[in-house]
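*Asks:* Pasting a structure below so you can have a look.
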Amino acid sequence: MPDRLSYDEAMQYARHCLKIQEPEIKQGSVETYTIKTTVGEIKKPWGREGGFAVVYKFRTLSGQLKAMRCFRTAIAPDIQARYDLMSSFFLQYVPDITIDFRYYEEGILVKEAAQSNQKKVCPVIVMEWIEGTTLLDKVDELCQQRDQGTLGGLAAQWLDMLEKMRAARMAHGDLAALNIMVRPDGHMVLVDYDGVYVPEFASMPQVVLGQQGYQHPDMSNRPFNEQMDDFSALVIYLSLLALQLQPELWNKHTKRNTRGQLDGNMLFTGDDFVQPDKSLIFYDLLHMGDTRVRDLAHKLRECCQQPVAQVRFPVELLDPDHAIKMNLQRLVSAIQYGNDDQILQLWIEPLASYAPAQTYLSRVNEARQRSAAVVTLKQALLTRDLRQIAEAAASVPSTRLNNQERTIVQLATNFVRAYQSNDDEYILNCWQEIEYSSLQAVLKIAPIQMERLQLAQQRRADLTRFRIACMQSHYAHEIVNAYTPILAGNPAISPQERALLDTARDYIVMYDAIKSALLMNNGQGDLSKLYIAYNEELDHRFNDFTVREREQIAGFKSMGRLELALQSKAYRLALVTAREIETQMHAPVNDNRLSTARMNFVKTFEARHLQIQIQSGQAFARWDWPDDELIQFAVLVWHPDRWPLHPRKDDPGRVLLRINRGFYEQYTYFQFLSGPIQQFYAQVFFAIFEVAEPNNQQYWFYSRGLEPTSKWPLQTVP
């Protein structure tokens, strides 16, 4: 399929390239925007590029704005039939969350590639132009503003959209923040319908699988049906809900490129779904104070580990009566099996006030009457405690007891014997038998027995908690906090567990010392104290330090490497190390020697093989860049009458143009405006800069310019 540049060229000549015969579209034109370059202003078509298509802003003959979607990837053979079915389906069932569109098989004549002369006719989709922003950009804006109210409104609106899709039995197939638009009035609509499922598509193959940051790790096996959005729908809802409560999570977890553009994901990436137990965002959400967020994070983590076909969105969020409907089903089942106890357990609020359940009220009343008769029959047993039951049982023949009474006597006798033995496990096992017998309600325990039972329970619970921490936790504080005084001298604790406890305590001593060192000197840290306190072997055992603290520790360790590089005049190593430290410490490295390093480093490079061609007042320059990522800028200087001076010198009449390496490599040449001149003299220097505090002023350093092939004298024909 054609690339973006080919479509851009065709859209600039839309009246000639469009094959749509409707005059309203045929005689329209693409909207453009102006960019300023070193050679002047250039108009470019307004287009937004996604994973599968480019969407242009198009103005029809009558002035209406439309979105014209041009495909960048191969499309399914039956795509036109799919879009025809979708159009009528959307209009009938979900008109308020979709937009009107029309598919044109014969859409636009476009080059197969930007450098090719071969052309072909490609399909396009013309749809309503939506004023507004993508959900991704809207959430970015709201998080920067800490607008929790509007974020909450988006989360609620998202549930409403999901309910409408669920009622229509449709799925989008590629739910992602870039495929959801937010109108100026805040209303959200879905766009990009390549992967949509509607009931008429049940026998058709799947078209697209969606973006990894929103999809199940096993999405290649995702069924093509109305449930295929459940995972991505939960990802988006959980993200919106969490950001409503903590908007600062956005800047912590989202990623941007060097130009500040978001990568398309919300809080999650595909890697988070592959290894949720190692995911930082899962950790943050599972430890938030809001129960809803924690529960949904648990649900999403569970979904990551399920087969994709079994993943379901928690429908109770869409249907508030879902839980009570499930309780009613259980009540009906209990009635069918004649289980009076279960009927009474289920007949509580809100089921008792649920109108559809009133049909079974007479049966519930029958269960109440039968249970009351049983309570009356066993009234005497309710007045006796365990000790009295056990003592009385010795003189009571078992033939005088019914089965339930025999069970009560046996339970009481066993517990009293265990209490007298003073054995924790024996006491707990006997009490567990009482709890599991369903007869606990007719048994009483004396206060002194209850104290002994609670002591045994506390010891078991504390020991279990401590052992779980030893086996599973990577945090020294969790292990130490799990050990309580009640466990002192407990023979059940193994030597290995006690050794781990001692190591965790040693780690905490180091941890506290490191924290103190990091807080010294107005938060800049005390390097000497950090080195004294830091124990690398201990640090490898536990993970109590935060990511930020580890970055600071790494930064301070890197400071020594920077000092060695500066002293040995290893300029490149010094610059790379300084950049690492700034990334780790989130603060600039203020050392005047780095200026010297930059100046001397860039002097070791020279531009080579400069060539310049002139066409109609435009100059096209090419040269060789060095194989070093630190050299990201070049400066082209030229003078119409003589060789220009070095960039650091004043030179009247000289033109100086700075070029970013990424921009150059994108086009493989640098274009600038030369004008109608007869000759000029040009030279390319490599450059590197630094930003000086406190005014963030840039200071530039340049190569020497001694390489003969870095110069180019050019004479043009008048």
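By convention here, the chains of the structure tokens are called A, B, ... in the order presented, each chain's residues are numbered starting at 1, and ligands are numbered starting at 1 in the order presented.
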Would you mind listing what lies within 10 Å of A:Leu61 as a PyMOL selection string, with only C-alpha atoms counted and same-chain residues fewer than 2 positions away left out?
*Replies:* chain A and resi 23-29+58-59+63-65
*Asks:* Would you save the residues from that selection as an mmCIF file, in the first residue's frame, using all heavy atoms?
*Replies:*
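Wrote it out as selection.cif, contents follow:
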data_model
loop_
_atom_site.group_PDB
_atom_site.id
_atom_site.type_symbol
_atom_site.label_atom_id
_atom_site.label_comp_id
_atom_site.auth_asym_id
_atom_site.auth_seq_id
_atom_site.Cartn_x
_atom_site.Cartn_y
_atom_site.Cartn_z
ATOM 1 N N PRO A 23 -19.583 15.851 -7.035
ATOM 2 C CA PRO A 23 -18.944 17.179 -7.101
ATOM 3 C C PRO A 23 -18.620 17.755 -5.731
ATOM 4 O O PRO A 23 -17.620 18.455 -5.573
ATOM 5 C CB PRO A 23 -19.986 18.037 -7.843
ATOM 6 C CG PRO A 23 -20.811 17.038 -8.612
ATOM 7 C CD PRO A 23 -20.865 15.801 -7.774
ATOM 8 N N GLU A 24 -19.476 17.479 -4.755
ATOM 9 C CA GLU A 24 -19.258 18.027 -3.419
ATOM 10 C C GLU A 24 -17.887 17.622 -2.870
ATOM 11 O O GLU A 24 -17.222 18.392 -2.175
ATOM 12 C CB GLU A 24 -20.360 17.544 -2.468
ATOM 13 C CG GLU A 24 -20.253 18.045 -1.031
ATOM 14 C CD GLU A 24 -20.519 19.515 -0.887
ATOM 15 O OE1 GLU A 24 -20.847 20.163 -1.890
ATOM 16 O OE2 GLU A 24 -20.379 20.040 0.241
ATOM 17 N N ILE A 25 -17.462 16.398 -3.195
ATOM 18 C CA ILE A 25 -16.157 15.911 -2.743
ATOM 19 C C ILE A 25 -15.091 16.145 -3.803
ATOM 20 O O ILE A 25 -13.991 16.617 -3.504
ATOM 21 C CB ILE A 25 -16.244 14.412 -2.377
ATOM 22 C CG1 ILE A 25 -17.236 14.210 -1.225
ATOM 23 C CG2 ILE A 25 -14.873 13.860 -2.018
ATOM 24 C CD1 ILE A 25 -17.475 12.768 -0.873
ATOM 25 N N LYS A 26 -15.409 15.837 -5.040
ATOM 26 C CA LYS A 26 -14.451 15.939 -6.135
ATOM 27 C C LYS A 26 -13.853 17.339 -6.238
ATOM 28 O O LYS A 26 -12.657 17.503 -6.520
ATOM 29 C CB LYS A 26 -15.141 15.559 -7.454
ATOM 30 C CG LYS A 26 -14.276 15.678 -8.697
ATOM 31 C CD LYS A 26 -13.220 14.599 -8.744
ATOM 32 C CE LYS A 26 -12.470 14.624 -10.052
ATOM 33 N NZ LYS A 26 -11.352 13.662 -10.072
ATOM 34 N N GLN A 27 -14.646 18.355 -5.986
ATOM 35 C CA GLN A 27 -14.184 19.728 -6.130
ATOM 36 C C GLN A 27 -13.750 20.341 -4.798
ATOM 37 O O GLN A 27 -13.562 21.542 -4.688
ATOM 38 C CB GLN A 27 -15.277 20.579 -6.783
ATOM 39 C CG GLN A 27 -15.654 20.097 -8.185
ATOM 40 C CD GLN A 27 -16.724 20.959 -8.829
ATOM 41 O OE1 GLN A 27 -16.773 22.165 -8.601
ATOM 42 N NE2 GLN A 27 -17.577 20.337 -9.632
ATOM 43 N N GLY A 28 -13.623 19.497 -3.789
ATOM 44 C CA GLY A 28 -13.134 19.979 -2.508
ATOM 45 C C GLY A 28 -11.614 19.996 -2.465
ATOM 46 O O GLY A 28 -10.934 19.730 -3.462
ATOM 47 N N SER A 29 -11.065 20.289 -1.295
ATOM 48 C CA SER A 29 -9.603 20.353 -1.158
ATOM 49 C C SER A 29 -9.224 20.005 0.269
ATOM 50 O O SER A 29 -9.992 20.197 1.210
ATOM 51 C CB SER A 29 -9.080 21.749 -1.514
ATOM 52 O OG SER A 29 -9.653 22.727 -0.659
ATOM 53 N N PHE A 58 -10.538 17.388 5.326
ATOM 54 C CA PHE A 58 -10.904 17.710 3.954
ATOM 55 C C PHE A 58 -12.112 18.640 3.960
ATOM 56 O O PHE A 58 -13.088 18.410 4.682
ATOM 57 C CB PHE A 58 -11.243 16.404 3.205
ATOM 58 C CG PHE A 58 -11.364 16.578 1.716
ATOM 59 C CD1 PHE A 58 -10.245 16.508 0.903
ATOM 60 C CD2 PHE A 58 -12.603 16.807 1.136
ATOM 61 C CE1 PHE A 58 -10.350 16.654 -0.468
ATOM 62 C CE2 PHE A 58 -12.719 16.962 -0.231
ATOM 63 C CZ PHE A 58 -11.594 16.891 -1.040
ATOM 64 N N ARG A 59 -12.056 19.692 3.141
ATOM 65 C CA ARG A 59 -13.175 20.648 3.063
ATOM 66 C C ARG A 59 -13.864 20.462 1.713
ATOM 67 O O ARG A 59 -13.240 20.545 0.660
ATOM 68 C CB ARG A 59 -12.694 22.086 3.225
ATOM 69 C CG ARG A 59 -13.833 23.089 3.386
ATOM 70 C CD ARG A 59 -13.301 24.464 3.713
ATOM 71 N NE ARG A 59 -12.629 24.520 4.992
ATOM 72 C CZ ARG A 59 -13.256 24.692 6.154
ATOM 73 N NH1 ARG A 59 -14.573 24.821 6.183
ATOM 74 N NH2 ARG A 59 -12.556 24.730 7.279
ATOM 75 N N GLY A 63 -18.022 23.754 1.740
ATOM 76 C CA GLY A 63 -17.352 24.234 2.945
ATOM 77 C C GLY A 63 -17.463 23.319 4.139
ATOM 78 O O GLY A 63 -16.939 23.629 5.216
ATOM 79 N N GLN A 64 -18.130 22.150 3.985
ATOM 80 C CA GLN A 64 -18.239 21.221 5.104
ATOM 81 C C GLN A 64 -16.902 20.504 5.312
ATOM 82 O O GLN A 64 -16.212 20.176 4.362
ATOM 83 C CB GLN A 64 -19.327 20.177 4.842
ATOM 84 C CG GLN A 64 -20.733 20.732 4.844
ATOM 85 C CD GLN A 64 -21.754 19.626 4.647
ATOM 86 O OE1 GLN A 64 -21.466 18.602 4.038
ATOM 87 N NE2 GLN A 64 -22.946 19.834 5.162
ATOM 88 N N LEU A 65 -16.586 20.268 6.594
ATOM 89 C CA LEU A 65 -15.363 19.535 6.911
ATOM 90 C C LEU A 65 -15.657 18.041 6.977
ATOM 91 O O LEU A 65 -16.647 17.618 7.576
ATOM 92 C CB LEU A 65 -14.788 20.000 8.251
ATOM 93 C CG LEU A 65 -14.054 21.337 8.230
ATOM 94 C CD1 LEU A 65 -13.584 21.711 9.627
ATOM 95 C CD2 LEU A 65 -12.871 21.294 7.265
#
*Asks:* Show me, as a PDB file with N, CA, C and O atoms, in the first residue's frame, the residues that have an atom within 10 Å of stretch 529-540 of chain A when counting only C-alpha atoms, minus same-chain residues fewer than 5 positions from it.
*Replies:*
ATOM      1  N   HIS A 474      10.164  -9.639  48.545  1.00  0.00           N
ATOM      2  CA  HIS A 474      11.488  -9.132  48.190  1.00  0.00           C
ATOM      3  C   HIS A 474      11.790  -7.833  48.945  1.00  0.00           C
ATOM      4  O   HIS A 474      12.712  -7.107  48.579  1.00  0.00           O
ATOM      5  N   THR A 503      19.285 -10.974  58.211  1.00  0.00           N
ATOM      6  CA  THR A 503      19.756 -10.264  57.019  1.00  0.00           C
ATOM      7  C   THR A 503      18.839  -9.083  56.694  1.00  0.00           C
ATOM      8  O   THR A 503      19.305  -7.997  56.322  1.00  0.00           O
ATOM      9  N   ALA A 504      17.538  -9.287  56.824  1.00  0.00           N
ATOM     10  CA  ALA A 504      16.585  -8.205  56.558  1.00  0.00           C
ATOM     11  C   ALA A 504      16.782  -7.049  57.531  1.00  0.00           C
ATOM     12  O   ALA A 504      16.691  -5.875  57.156  1.00  0.00           O
ATOM     13  N   ASP A 506      19.646  -6.267  59.011  1.00  0.00           N
ATOM     14  CA  ASP A 506      20.878  -5.588  58.583  1.00  0.00           C
ATOM     15  C   ASP A 506      20.599  -4.683  57.388  1.00  0.00           C
ATOM     16  O   ASP A 506      21.142  -3.575  57.281  1.00  0.00           O
ATOM     17  N   TYR A 507      19.763  -5.162  56.465  1.00  0.00           N
ATOM     18  CA  TYR A 507      19.421  -4.372  55.287  1.00  0.00           C
ATOM     19  C   TYR A 507      18.717  -3.079  55.687  1.00  0.00           C
ATOM     20  O   TYR A 507      19.000  -2.009  55.140  1.00  0.00           O
ATOM     21  N   ILE A 508      17.815  -3.166  56.650  1.00  0.00           N
ATOM     22  CA  ILE A 508      17.066  -1.968  57.064  1.00  0.00           C
ATOM     23  C   ILE A 508      18.009  -0.935  57.671  1.00  0.00           C
ATOM     24  O   ILE A 508      17.837   0.275  57.482  1.00  0.00           O
ATOM     25  N   VAL A 509      19.025  -1.409  58.413  1.00  0.00           N
ATOM     26  CA  VAL A 509      20.014  -0.471  58.952  1.00  0.00           C
ATOM     27  C   VAL A 509      20.703   0.267  57.803  1.00  0.00           C
ATOM     28  O   VAL A 509      20.873   1.490  57.821  1.00  0.00           O
ATOM     29  N   MET A 510      21.125  -0.526  56.784  1.00  0.00           N
ATOM     30  CA  MET A 510      21.735   0.097  55.613  1.00  0.00           C
ATOM     31  C   MET A 510      20.742   1.024  54.913  1.00  0.00           C
ATOM     32  O   MET A 510      21.076   2.136  54.501  1.00  0.00           O
ATOM     33  N   TYR A 511      19.505   0.557  54.764  1.00  0.00           N
ATOM     34  CA  TYR A 511      18.462   1.324  54.074  1.00  0.00           C
ATOM     35  C   TYR A 511      18.276   2.691  54.740  1.00  0.00           C
ATOM     36  O   TYR A 511      18.240   3.728  54.065  1.00  0.00           O
ATOM     37  N   ASP A 512      18.176   2.690  56.079  1.00  0.00           N
ATOM     38  CA  ASP A 512      17.964   3.956  56.789  1.00  0.00           C
ATOM     39  C   ASP A 512      19.166   4.880  56.627  1.00  0.00           C
ATOM     40  O   ASP A 512      19.012   6.110  56.469  1.00  0.00           O
ATOM     41  N   ALA A 513      20.373   4.303  56.648  1.00  0.00           N
ATOM     42  CA  ALA A 513      21.567   5.130  56.479  1.00  0.00           C
ATOM     43  C   ALA A 513      21.629   5.727  55.073  1.00  0.00           C
ATOM     44  O   ALA A 513      21.987   6.895  54.891  1.00  0.00           O
ATOM     45  N   ILE A 514      21.289   4.920  54.073  1.00  0.00           N
ATOM     46  CA  ILE A 514      21.285   5.412  52.685  1.00  0.00           C
ATOM     47  C   ILE A 514      20.250   6.519  52.521  1.00  0.00           C
ATOM     48  O   ILE A 514      20.503   7.559  51.896  1.00  0.00           O
ATOM     49  N   LYS A 515      19.044   6.287  53.077  1.00  0.00           N
ATOM     50  CA  LYS A 515      17.992   7.318  52.989  1.00  0.00           C
ATOM     51  C   LYS A 515      18.472   8.628  53.615  1.00  0.00           C
ATOM     52  O   LYS A 515      18.239   9.708  53.072  1.00  0.00           O
ATOM     53  N   SER A 516      19.137   8.513  54.754  1.00  0.00           N
ATOM     54  CA  SER A 516      19.649   9.712  55.418  1.00  0.00           C
ATOM     55  C   SER A 516      20.694  10.406  54.550  1.00  0.00           C
ATOM     56  O   SER A 516      20.695  11.629  54.414  1.00  0.00           O
ATOM     57  N   ALA A 517      21.574   9.589  53.922  1.00  0.00           N
ATOM     58  CA  ALA A 517      22.609  10.175  53.061  1.00  0.00           C
ATOM     59  C   ALA A 517      22.001  10.861  51.854  1.00  0.00           C
ATOM     60  O   ALA A 517      22.477  11.913  51.412  1.00  0.00           O
ATOM     61  N   LEU A 518      20.933  10.281  51.300  1.00  0.00           N
ATOM     62  CA  LEU A 518      20.288  10.876  50.130  1.00  0.00           C
ATOM     63  C   LEU A 518      19.613  12.200  50.456  1.00  0.00           C
ATOM     64  O   LEU A 518      19.416  13.039  49.582  1.00  0.00           O
ATOM     65  N   MET A 520      20.749  14.407  52.658  1.00  0.00           N
ATOM     66  CA  MET A 520      21.724  15.418  53.080  1.00  0.00           C
ATOM     67  C   MET A 520      21.912  16.466  51.997  1.00  0.00           C
ATOM     68  O   MET A 520      21.633  16.244  50.820  1.00  0.00           O
ATOM     69  N   PHE A 545      14.201  -0.062  48.182  1.00  0.00           N
ATOM     70  CA  PHE A 545      14.412   1.268  47.611  1.00  0.00           C
ATOM     71  C   PHE A 545      13.450   1.496  46.453  1.00  0.00           C
ATOM     72  O   PHE A 545      13.178   0.592  45.665  1.00  0.00           O
ATOM     73  N   ILE A 553      20.952   6.543  43.818  1.00  0.00           N
ATOM     74  CA  ILE A 553      22.123   5.755  44.205  1.00  0.00           C
ATOM     75  C   ILE A 553      23.010   5.516  42.986  1.00  0.00           C
ATOM     76  O   ILE A 553      24.227   5.680  43.025  1.00  0.00           O
ATOM     77  N   PHE A 556      24.838   8.692  42.093  1.00  0.00           N
ATOM     78  CA  PHE A 556      26.000   8.987  42.921  1.00  0.00           C
ATOM     79  C   PHE A 556      27.161   8.052  42.593  1.00  0.00           C
ATOM     80  O   PHE A 556      28.324   8.449  42.594  1.00  0.00           O
ATOM     81  N   LYS A 557      26.845   6.788  42.286  1.00  0.00           N
ATOM     82  CA  LYS A 557      27.907   5.860  41.890  1.00  0.00           C
ATOM     83  C   LYS A 557      28.530   6.299  40.558  1.00  0.00           C
ATOM     84  O   LYS A 557      29.728   6.135  40.327  1.00  0.00           O
TER      85      LYS A 557
END
*Asks:* Once you count only C-alpha atoms, what closest atom pair and distance in Å to one decimal does each residue of stretch 620-680 of chain A within 10 Å of stretch 36-39 of chain A have, with rows by chain and rising residue number, as a tab-separated table?
*Replies:*
residue	atom	partner	partner_atom	distance
A:Leu656	CA	A:Thr38	CA	9.8
A:Leu657	CA	A:Thr38	CA	7.0
A:Arg658	CA	A:Thr38	CA	8.6
A:Ile659	CA	A:Thr38	CA	9.1
A:Phe670	CA	A:Thr38	CA	9.6
A:Gln671	CA	A:Val39	CA	7.0
A:Phe672	CA	A:Val39	CA	4.3
A:Leu673	CA	A:Val39	CA	4.3
A:Ser674	CA	A:Val39	CA	7.9
A:Gly675	CA	A:Val39	CA	9.6
*Asks:* Would you put the residues from that selection into a file with all heavy atoms, as a JSON list (two decimals), in the first residue's frame?
*Replies:*
[["chain", "number", "residue", "atom", "x", "y", "z"],
["A", 656, "LEU", "N", 23.90, 31.38, 8.46],
["A", 656, "LEU", "CA", 24.20, 30.24, 9.34],
["A", 656, "LEU", "C", 22.92, 29.45, 9.57],
["A", 656, "LEU", "O", 21.92, 30.00, 10.03],
["A", 656, "LEU", "CB", 24.79, 30.73, 10.66],
["A", 656, "LEU", "CG", 25.28, 29.66, 11.64],
["A", 656, "LEU", "CD1", 26.46, 30.20, 12.47],
["A", 656, "LEU", "CD2", 24.16, 29.22, 12.59],
["A", 657, "LEU", "N", 22.96, 28.16, 9.23],
["A", 657, "LEU", "CA", 21.78, 27.28, 9.35],
["A", 657, "LEU", "C", 22.13, 26.07, 10.21],
["A", 657, "LEU", "O", 23.10, 25.35, 9.92],
["A", 657, "LEU", "CB", 21.31, 26.80, 7.97],
["A", 657, "LEU", "CG", 21.00, 27.90, 6.95],
["A", 657, "LEU", "CD1", 20.79, 27.27, 5.58],
["A", 657, "LEU", "CD2", 19.77, 28.68, 7.38],
["A", 658, "ARG", "N", 21.36, 25.85, 11.28],
["A", 658, "ARG", "CA", 21.59, 24.68, 12.14],
["A", 658, "ARG", "C", 20.70, 23.53, 11.68],
["A", 658, "ARG", "O", 19.51, 23.71, 11.42],
["A", 658, "ARG", "CB", 21.31, 25.00, 13.61],
["A", 658, "ARG", "CG", 22.37, 25.92, 14.22],
["A", 658, "ARG", "CD", 22.27, 25.93, 15.74],
["A", 658, "ARG", "NE", 23.31, 26.73, 16.34],
["A", 658, "ARG", "CZ", 23.17, 27.99, 16.74],
["A", 658, "ARG", "NH1", 21.99, 28.57, 16.59],
["A", 658, "ARG", "NH2", 24.17, 28.65, 17.28],
["A", 659, "ILE", "N", 21.26, 22.33, 11.64],
["A", 659, "ILE", "CA", 20.53, 21.17, 11.11],
["A", 659, "ILE", "C", 20.54, 20.06, 12.16],
["A", 659, "ILE", "O", 21.61, 19.67, 12.66],
["A", 659, "ILE", "CB", 21.16, 20.64, 9.80],
["A", 659, "ILE", "CG1", 21.23, 21.74, 8.75],
["A", 659, "ILE", "CG2", 20.39, 19.42, 9.30],
["A", 659, "ILE", "CD1", 22.56, 22.44, 8.66],
["A", 670, "PHE", "N", 19.79, 18.04, 3.14],
["A", 670, "PHE", "CA", 19.31, 19.26, 3.79],
["A", 670, "PHE", "C", 18.98, 20.28, 2.70],
["A", 670, "PHE", "O", 19.82, 20.57, 1.84],
["A", 670, "PHE", "CB", 20.36, 19.82, 4.75],
["A", 670, "PHE", "CG", 19.95, 21.13, 5.34],
["A", 670, "PHE", "CD1", 18.85, 21.21, 6.19],
["A", 670, "PHE", "CD2", 20.63, 22.31, 5.05],
["A", 670, "PHE", "CE1", 18.46, 22.42, 6.74],
["A", 670, "PHE", "CE2", 20.24, 23.51, 5.58],
["A", 670, "PHE", "CZ", 19.15, 23.56, 6.43],
["A", 671, "GLN", "N", 17.78, 20.77, 2.75],
["A", 671, "GLN", "CA", 17.30, 21.72, 1.73],
["A", 671, "GLN", "C", 17.22, 23.11, 2.33],
["A", 671, "GLN", "O", 16.70, 23.30, 3.44],
["A", 671, "GLN", "CB", 15.92, 21.28, 1.22],
["A", 671, "GLN", "CG", 15.34, 22.19, 0.16],
["A", 671, "GLN", "CD", 13.97, 21.72, -0.31],
["A", 671, "GLN", "OE1", 13.53, 20.64, 0.06],
["A", 671, "GLN", "NE2", 13.32, 22.51, -1.12],
["A", 672, "PHE", "N", 17.73, 24.11, 1.61],
["A", 672, "PHE", "CA", 17.62, 25.49, 2.08],
["A", 672, "PHE", "C", 17.50, 26.42, 0.88],
["A", 672, "PHE", "O", 17.78, 26.07, -0.26],
["A", 672, "PHE", "CB", 18.82, 25.88, 2.96],
["A", 672, "PHE", "CG", 20.16, 25.81, 2.26],
["A", 672, "PHE", "CD1", 20.74, 26.94, 1.71],
["A", 672, "PHE", "CD2", 20.85, 24.60, 2.16],
["A", 672, "PHE", "CE1", 21.97, 26.88, 1.08],
["A", 672, "PHE", "CE2", 22.08, 24.54, 1.53],
["A", 672, "PHE", "CZ", 22.64, 25.66, 0.98],
["A", 673, "LEU", "N", 17.05, 27.61, 1.15],
["A", 673, "LEU", "CA", 16.79, 28.60, 0.11],
["A", 673, "LEU", "C", 18.08, 29.36, -0.19],
["A", 673, "LEU", "O", 18.67, 29.98, 0.69],
["A", 673, "LEU", "CB", 15.70, 29.57, 0.59],
["A", 673, "LEU", "CG", 15.19, 30.57, -0.44],
["A", 673, "LEU", "CD1", 14.50, 29.85, -1.59],
["A", 673, "LEU", "CD2", 14.21, 31.54, 0.23],
["A", 674, "SER", "N", 18.53, 29.28, -1.45],
["A", 674, "SER", "CA", 19.76, 29.98, -1.82],
["A", 674, "SER", "C", 19.46, 31.30, -2.55],
["A", 674, "SER", "O", 20.25, 32.24, -2.52],
["A", 674, "SER", "CB", 20.62, 29.08, -2.71],
["A", 674, "SER", "OG", 19.90, 28.73, -3.89],
["A", 675, "GLY", "N", 18.32, 31.34, -3.22],
["A", 675, "GLY", "CA", 17.98, 32.54, -3.95],
["A", 675, "GLY", "C", 18.67, 32.62, -5.31],
["A", 675, "GLY", "O", 19.50, 31.78, -5.66]]
*Asks:* Using only C-alpha atoms, I'd like a table of the residues in stretch 233-315 of chain A that come within 12 Å of stretch 158-169 of chain A; for each, show the closest atom pair and its distance in Å rounded to one decimal, ordered by chain and ascending number, as CSV.
*Replies:*
residue,atom,partner,partner_atom,distance
A:Ala233,CA,A:Leu162,CA,7.6
A:Leu234,CA,A:Leu159,CA,9.7
A:Val235,CA,A:Trp158,CA,11.4
A:Ile236,CA,A:Trp158,CA,8.4
A:Tyr237,CA,A:Trp158,CA,6.8
A:Leu238,CA,A:Trp158,CA,10.5
A:Ser239,CA,A:Trp158,CA,11.2
A:Leu240,CA,A:Trp158,CA,8.9
A:Leu241,CA,A:Trp158,CA,10.3
A:Arg312,CA,A:Arg166,CA,11.9
A:Phe313,CA,A:Leu162,CA,9.7
A:Pro314,CA,A:Leu159,CA,10.9
A:Val315,CA,A:Glu163,CA,9.0
*Asks:* Using atom CA of A:Ala76 and atom CA of A:Asp194 as the two end points, give the distance in Å to one decimal.
*Replies:*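 Computing it gives 9.2 Å between the two atoms.
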*Asks:* Let me make sure I understand: among A:Leu245, A:Val139, A:Val191, A:Ile75, which one has the smallest atom-to-atom distance to A:Thr98 if we use only C-alpha atoms?
*Replies:* A:Val191
*Asks:* Please compute the atom CA of A:Arg4-atom CA of A:Val55 distance, one decimal, in Å.
*Replies:*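 It comes out at 10.2 Å.
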*Asks:* Could you tell me how far atom CA of A:Phe71 lies from atom CA of A:Gly107, in Å and to one decimal?
*Replies:*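 A separation of 10.6 Å between them.
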*Asks:* Which polymer residues have any atom within 9 Å of an atom of A:Glu707, counting only C-alpha atoms, with same-chain residues fewer than 3 positions away left out, as a compact mmCIF listing (two decimals) with N, CA and C atoms, in the first residue's frame?
*Replies:*
# COMPACT_ATOMS: atom_id res chain seq x y z
N GLU A 606 35.00 16.02 11.87
CA GLU A 606 34.94 16.95 10.75
C GLU A 606 33.90 16.44 9.75
N ALA A 607 33.14 17.36 9.18
CA ALA A 607 32.23 16.99 8.10
C ALA A 607 33.05 16.66 6.85
N ARG A 608 32.60 15.67 6.12
CA ARG A 608 33.34 15.25 4.94
C ARG A 608 32.40 15.09 3.75
N ARG A 704 36.49 22.05 14.06
CA ARG A 704 37.48 23.04 13.60
C ARG A 704 37.20 23.51 12.17
N SER A 710 34.93 19.47 3.63
CA SER A 710 33.77 20.06 4.31
C SER A 710 33.35 21.38 3.67
N LYS A 711 34.08 21.80 2.61
CA LYS A 711 33.79 23.07 1.94
C LYS A 711 33.25 22.78 0.53
*Asks:* Run DSSP on the backbone and give me the residues of stretch 133-173 of chain A it puts in helix (DSSP H, G or I), as an NGL selection string.
*Replies:* :A and (135-145 or 148-168)
*Asks:* If we count only C-alpha atoms and set the cut-off at 12 Å, which residues sit around A:Arg48, ignoring sequence neighbours fewer than 3 positions away in its own chain? Please answer as a ChimeraX atom specification.
*Replies:* /A:4,7-8,31-32,44-45,51-58,67-70,133-134,178-179
*Asks:* A:Ser87: which residues within 10 Å, counting only C-alpha atoms, same-chain residues fewer than 2 positions away excluded, as a list of chain:residue names?
*Replies:* A:Arg82, A:Tyr83, A:Asp84, A:Leu85, A:Phe89, A:Phe90, A:Leu91, A:Gln92, A:Pro95, A:Thr98, A:Ile99, A:Asp100, A:Phe101, A:Arg102, A:Tyr103
*Asks:* Would you kindly return, as number ranges by chain, each protein, DNA or RNA residue with an atom no farther than 12 Å from any atom of stretch 110-112 of chain A, considering only C-alpha atoms and excluding same-chain residues fewer than 6 positions away?
*Replies:* A: 1-14, 16-19, 70-73, 118-124
